[in-house]
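Student: There's a structure below that I have some questions on.
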2 protein chains.
Amino acid sequence: MDKSQVIKRFLPANTPTPDDQAEAFAASNIALCKYWGKRDRELNLPINPSLSVSLADLGTRTRLTPIEGKKDKIRLNGKVVNGSSSFATKIVEFLDLFRSSKAARLQVDTHNSIPTAAGLASSASGFAALTKAINQLYGFDLDPAIQSAFARMGSGSASRSIFDGFVEWQMGVREDGMDSHAVPFEESWPEFRIGLLTLTEAEKTVGSRSGMQRTLETAHLYQSWPLQACADLEKLKQAIRDRNFEILGQTAEQNALSMHATMIASWPPLLYWQPESVATMQRIWQLRESGVCVYFTMDAGPNIKVLFEAGQQAVIEQTFPQVKVVSPFACQTPVASG
Amino acid sequence: MDKSQVIKRFLPANTPTPDDQAEAFAASNIALCKYWGKRDRELNLPINPSLSVSLADLGTRTRLTPIEGKKDKIRLNGKVVNGSSSFATKIVEFLDLFRSSKAARLQVDTHNSIPTAAGLASSASGFAALTKAINQLYGFDLDPAIQSAFARMGSGSASRSIFDGFVEWQMGVREDGMDSHAVPFEESWPEFRIGLLTLTEAEKTVGSRSGMQRTLETAHLYQSWPLQACADLEKLKQAIRDRNFEILGQTAEQNALSMHATMIASWPPLLYWQPESVATMQRIWQLRESGVCVYFTMDAGPNIKVLFEAGQQAVIEQTFPQVKVVSPFACQTPVASG
């Protein structure tokens, strides 16, 4: 089943006349239980469920404006993007899924408040913001769960960025994937903090899309990954209900390291870590041994995201002067806003 | 079943009168398919078979001399070792397995030509040399396979150090473990080289004994490890028969990284790597991308063992000026000598 078939079934029969303009924001998200491995590469259906927390005002704001002409115009952070670049191609292909061939071309203005690549998942907030903006522009009035399933077809983790706060991406069982979408949690956790440590801004040499495919095909150890992820998901949900930061931190850290373990066990070996990543992990473990309740998570990149509560912020900032601290629940925005 | 019961069954009914003195050498060994996880912690019976290559003249030479008195005297590299240290205790407990209570005490002189700890498996060559020396001193005249099974009870990988060259440690199925011993290969490979890179001489904080136990108990990913190891063993045996260095190197490197992956996926995380370990791996991968046929393996420590053939020695020594190059087959010693 291809994306276009699935999407057409859930859209109004005719693409409605677009508004003059639409604009939407989606927050980036950090997975505490990672998405790693696809059971369907066309629809981005995952092998395991995942769980994330959104990054407040760090994310993507996208404006869509109908224009005359034969081509879409894409701008990223104010600069025109070459139409043949992979960035522009992905956006145009995604837009094509939602408009009839007669539909007017669009100008797409995208602003990221996070560095592109380097493990901060701009594709997640990017496709989520784009999906929300499309929904608005054409007045589709889609249910947020359907928007989440649609965003997933752009980038798997974008399904989670449709919502704010803690979010579970249910893996689903349907062949068309429409039950594979995110669901937001009711719980908030005002003291929850994420410290972003950018150890290098270099773009990674192997993207997470091909990285997870290599892992799946070559790492024997990957066979046990879904087991780890399912166990971690349940522990995390319970930790959120109980507001037990220690369990949450332990589970998230082991989950991230287990994901990296499957990469390290691949061939050729997939090691996203730099020497600085190891030094930073060691520093965090030392802090923990000295009694500070701090954990970390990592995505498919060398950077580290420190997990802690408000009470530890001073010691974290002292240890890592370059840290950027995010408060996911400080000014809660309504679920599925935009 | 305990060690003493098993050993008693395979020794002459009465401990023979010891010779005046006995001396034996055993080479250290580097596993190309790692031993990681025990199905029996008393007898050191492994969860998976393993395969190693011996390190020529790097190893342990041990001399046993009967002495008067109530206590054994242990010397390591010429220095007297405190009788209550864990090093001395392990040796005395091992000696006790082989002598009747009436037997005279022994002086044990052990010389390591490799640094103790830091991942160069001195316990492997240590217990292998001790087993050979005991066999000589008491004139047991044990089959080398039985010596290998006995050495295993001192330290698992010591079973492999009874032999030289390529060696397989068959995991066995018997409850008393007597079919869990090493078997040497007929094949030699004169161009085979191992480059030892000592990145740090610091003793490791978690020994491999407790490290493998933690992995087994806490890492979901460990469940797939025996699968990886068994597949790798077959590939390595074929590569040795075919003298295919590329397959041998790839398999050994993926095997080592998969073992480390199981550690990284444990809780608390078990990371033996230092920042220098990552930098060195990256350097080796760069070399390989530039066309040099070079691979590596790592044990439960931060150091790296580079695998290559004679033709690449110049470029390896140029890249890593501190490397110590070992030629496992340069002056082949007879199998099970001692």
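Naming works like this for the structure tokens: A, B, ... for the chains as they're shown, residue 1 at the start of each chain, ligands 1 onward in shown order.
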Taking only C-alpha atoms into account, find every residue of chain A that has an atom no more than 6 Å from chain B, and write it out as a list in words.

Tutor: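 Listing them in order of chain and number gives His220, Leu221, Ser224, Gln228, Leu257, Ser258, Ala261, Ala265, Pro275, Val278 and Ala279 of chain A.
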
Student: Based on the backbone DSSP call, show me all residues of region 262-313 of chain A assigned strand (DSSP E or B), as a short mmCIF file (atom, residue, chain, number, x, y, z; two decimals) with C-alpha atoms, in the first residue's frame.

Tutor:
```cif
data_model
loop_
_atom_site.label_atom_id
_atom_site.label_comp_id
_atom_site.auth_asym_id
_atom_site.auth_seq_id
_atom_site.Cartn_x
_atom_site.Cartn_y
_atom_site.Cartn_z
CA TYR A 295 20.35 10.69 33.42
CA PHE A 296 20.75 11.12 29.67
CA THR A 297 19.38 10.07 26.35
CA ILE A 304 23.64 14.18 24.52
CA LYS A 305 20.35 15.22 26.09
CA VAL A 306 20.58 15.43 29.88
CA LEU A 307 17.45 14.51 31.86
CA PHE A 308 16.90 16.00 35.32
CA GLU A 309 14.41 17.88 37.51
#
```

Student: Between B:Thr17, B:Asn303, B:Asn244, B:Ser180, single out the one closest to Ile47 (chain B), counting only C-alpha atoms.

Tutor: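 With only C-alpha atoms as the atom set, the closest residue is B:Ser180.
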
Student: Compare B:Lys38, B:Lys3, B:Lys324, B:Arg283 by their minimum atom-to-atom distance to Met153 (chain B), counting only C-alpha atoms, and give me the closest one.

Tutor: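 Among B:Lys38, B:Lys3, B:Lys324, B:Arg283, it is B:Lys3 that comes nearest to Met153 (chain B).
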
Student: Work out how far apart CA of Ser188 (chain A) and CA of Val323 (chain A) are and give it in Å to one decimal.

Tutor: 23.1 Å

Student: Where in region 222-328 of chain B does DSSP assign alpha helix (DSSP H), given as number ranges by chain?

Tutor: B: 225-242, 245-264, 275-289, 313-319

Student: Give me the residues near region 24-33 of chain B as an mmCIF file with N, CA and C atoms, in the first residue's frame, where near means some atom within 7 Å (using only C-alpha atoms) and where sequence neighbours in that chain fewer than 2 positions away do not count.

Tutor:
```cif
data_model
loop_
_atom_site.group_PDB
_atom_site.id
_atom_site.type_symbol
_atom_site.label_atom_id
_atom_site.label_comp_id
_atom_site.auth_asym_id
_atom_site.auth_seq_id
_atom_site.Cartn_x
_atom_site.Cartn_y
_atom_site.Cartn_z
ATOM 1 N N ALA B 22 58.905 -27.737 38.852
ATOM 2 C CA ALA B 22 58.330 -27.803 37.509
ATOM 3 C C ALA B 22 58.119 -26.391 37.001
ATOM 4 N N TYR B 35 34.238 -15.051 24.452
ATOM 5 C CA TYR B 35 33.562 -15.749 25.552
ATOM 6 C C TYR B 35 32.874 -14.686 26.388
ATOM 7 N N SER B 50 33.860 -20.225 21.698
ATOM 8 C CA SER B 50 34.705 -19.083 21.344
ATOM 9 C C SER B 50 35.927 -19.548 20.566
ATOM 10 N N LEU B 51 36.649 -18.584 20.009
ATOM 11 C CA LEU B 51 37.794 -18.906 19.157
ATOM 12 C C LEU B 51 38.863 -17.849 19.348
ATOM 13 N N SER B 52 40.108 -18.284 19.501
ATOM 14 C CA SER B 52 41.168 -17.310 19.778
ATOM 15 C C SER B 52 42.434 -17.631 18.998
ATOM 16 N N VAL B 53 43.362 -16.682 19.074
ATOM 17 C CA VAL B 53 44.702 -16.892 18.536
ATOM 18 C C VAL B 53 45.673 -16.541 19.659
ATOM 19 N N SER B 54 46.750 -17.320 19.772
ATOM 20 C CA SER B 54 47.669 -17.110 20.889
ATOM 21 C C SER B 54 48.673 -16.012 20.570
ATOM 22 N N LEU B 55 49.293 -15.470 21.616
ATOM 23 C CA LEU B 55 50.142 -14.286 21.458
ATOM 24 C C LEU B 55 51.641 -14.602 21.519
ATOM 25 N N ALA B 56 52.032 -15.725 20.917
ATOM 26 C CA ALA B 56 53.458 -16.062 20.799
ATOM 27 C C ALA B 56 54.147 -16.049 22.171
ATOM 28 N N ASP B 57 55.172 -15.219 22.342
ATOM 29 C CA ASP B 57 55.928 -15.252 23.598
ATOM 30 C C ASP B 57 55.358 -14.330 24.668
ATOM 31 N N LEU B 58 54.219 -13.703 24.391
ATOM 32 C CA LEU B 58 53.572 -12.905 25.429
ATOM 33 C C LEU B 58 52.671 -13.818 26.242
ATOM 34 N N GLY B 59 52.961 -13.961 27.505
ATOM 35 C CA GLY B 59 52.150 -14.856 28.316
ATOM 36 C C GLY B 59 52.713 -14.963 29.717
ATOM 37 N N THR B 60 52.567 -16.136 30.294
ATOM 38 C CA THR B 60 52.950 -16.334 31.689
ATOM 39 C C THR B 60 53.868 -17.553 31.821
ATOM 40 N N ARG B 61 54.965 -17.380 32.553
ATOM 41 C CA ARG B 61 55.850 -18.498 32.885
ATOM 42 C C ARG B 61 55.743 -18.722 34.391
ATOM 43 N N THR B 62 55.436 -19.941 34.780
ATOM 44 C CA THR B 62 55.215 -20.222 36.198
ATOM 45 C C THR B 62 56.065 -21.404 36.650
ATOM 46 N N ARG B 63 56.782 -21.219 37.781
ATOM 47 C CA ARG B 63 57.598 -22.290 38.343
ATOM 48 C C ARG B 63 57.019 -22.691 39.698
ATOM 49 N N ALA B 121 44.245 -10.127 29.389
ATOM 50 C CA ALA B 121 43.935 -11.478 29.820
ATOM 51 C C ALA B 121 45.110 -12.226 30.433
ATOM 52 N N SER B 122 45.739 -11.647 31.465
ATOM 53 C CA SER B 122 46.825 -12.371 32.115
ATOM 54 C C SER B 122 46.288 -13.542 32.930
ATOM 55 N N ALA B 124 44.161 -15.650 31.827
ATOM 56 C CA ALA B 124 44.087 -16.781 30.896
ATOM 57 C C ALA B 124 45.421 -17.511 30.851
ATOM 58 N N SER B 125 46.492 -16.787 30.533
ATOM 59 C CA SER B 125 47.803 -17.448 30.463
ATOM 60 C C SER B 125 48.258 -17.883 31.849
ATOM 61 N N ALA B 128 46.513 -21.155 32.753
ATOM 62 C CA ALA B 128 46.981 -22.207 31.838
ATOM 63 C C ALA B 128 48.393 -22.642 32.232
ATOM 64 N N ALA B 129 49.278 -21.690 32.511
ATOM 65 C CA ALA B 129 50.649 -22.032 32.900
ATOM 66 C C ALA B 129 50.655 -22.783 34.233
ATOM 67 N N LYS B 132 49.534 -26.393 33.645
ATOM 68 C CA LYS B 132 50.612 -27.169 33.025
ATOM 69 C C LYS B 132 51.698 -27.507 34.048
ATOM 70 N N ALA B 133 52.025 -26.523 34.885
ATOM 71 C CA ALA B 133 53.083 -26.742 35.877
ATOM 72 C C ALA B 133 52.652 -27.778 36.918
ATOM 73 N N SER B 161 44.327 -21.044 26.447
ATOM 74 C CA SER B 161 45.769 -20.777 26.523
ATOM 75 C C SER B 161 46.604 -22.034 26.743
ATOM 76 N N ILE B 162 45.986 -23.189 26.893
ATOM 77 C CA ILE B 162 46.736 -24.443 26.969
ATOM 78 C C ILE B 162 47.393 -24.742 25.613
ATOM 79 N N ALA B 229 27.338 -15.172 18.334
ATOM 80 C CA ALA B 229 28.607 -15.861 18.570
ATOM 81 C C ALA B 229 28.681 -17.160 17.757
ATOM 82 N N ASP B 232 29.230 -16.327 14.154
ATOM 83 C CA ASP B 232 30.589 -15.821 13.953
ATOM 84 C C ASP B 232 31.617 -16.950 14.012
ATOM 85 N N LEU B 233 31.428 -17.881 14.925
ATOM 86 C CA LEU B 233 32.373 -18.996 15.043
ATOM 87 C C LEU B 233 32.492 -19.743 13.713
ATOM 88 N N ALA B 252 35.553 -10.881 13.269
ATOM 89 C CA ALA B 252 36.125 -10.619 14.594
ATOM 90 C C ALA B 252 35.706 -9.240 15.103
ATOM 91 N N ASN B 255 32.048 -9.197 16.006
ATOM 92 C CA ASN B 255 31.850 -9.996 17.215
ATOM 93 C C ASN B 255 32.225 -9.195 18.464
ATOM 94 N N GLY B 338 55.059 -27.519 27.094
ATOM 95 C CA GLY B 338 55.018 -27.064 28.480
ATOM 96 C C GLY B 338 55.921 -27.919 29.295
#
```

Student: Find the spatial neighbours of region 139-144 of chain A, counting only C-alpha atoms, within a cut-off of 12 Å - ignore same-chain residues fewer than 3 positions away - and output them as a PyMOL selection string.

Tutor: chain A and resi 7-8+10-22+98-99+128+131-136+147-151+159-164+178+181-184+335-338

Student: Quote the spacing between CA of Phe127 (chain A) and CA of Pro46 (chain A) in Å to one decimal place.

Tutor: 16.8 Å

Student: Quote the spacing between CA of Lys34 (chain A) and CA of Phe94 (chain A) in Å to one decimal place.

Tutor: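 Going from CA of Lys34 (chain A) over to CA of Phe94 (chain A) covers 24.1 Å.
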
Student: Counting only C-alpha atoms, which of A:Gly177, A:Gly126, A:Gly83, A:Gly211 gets nearest to Asn44 (chain A)?

Tutor: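 Distance minimum relative to Asn44 (chain A) lands on A:Gly177.
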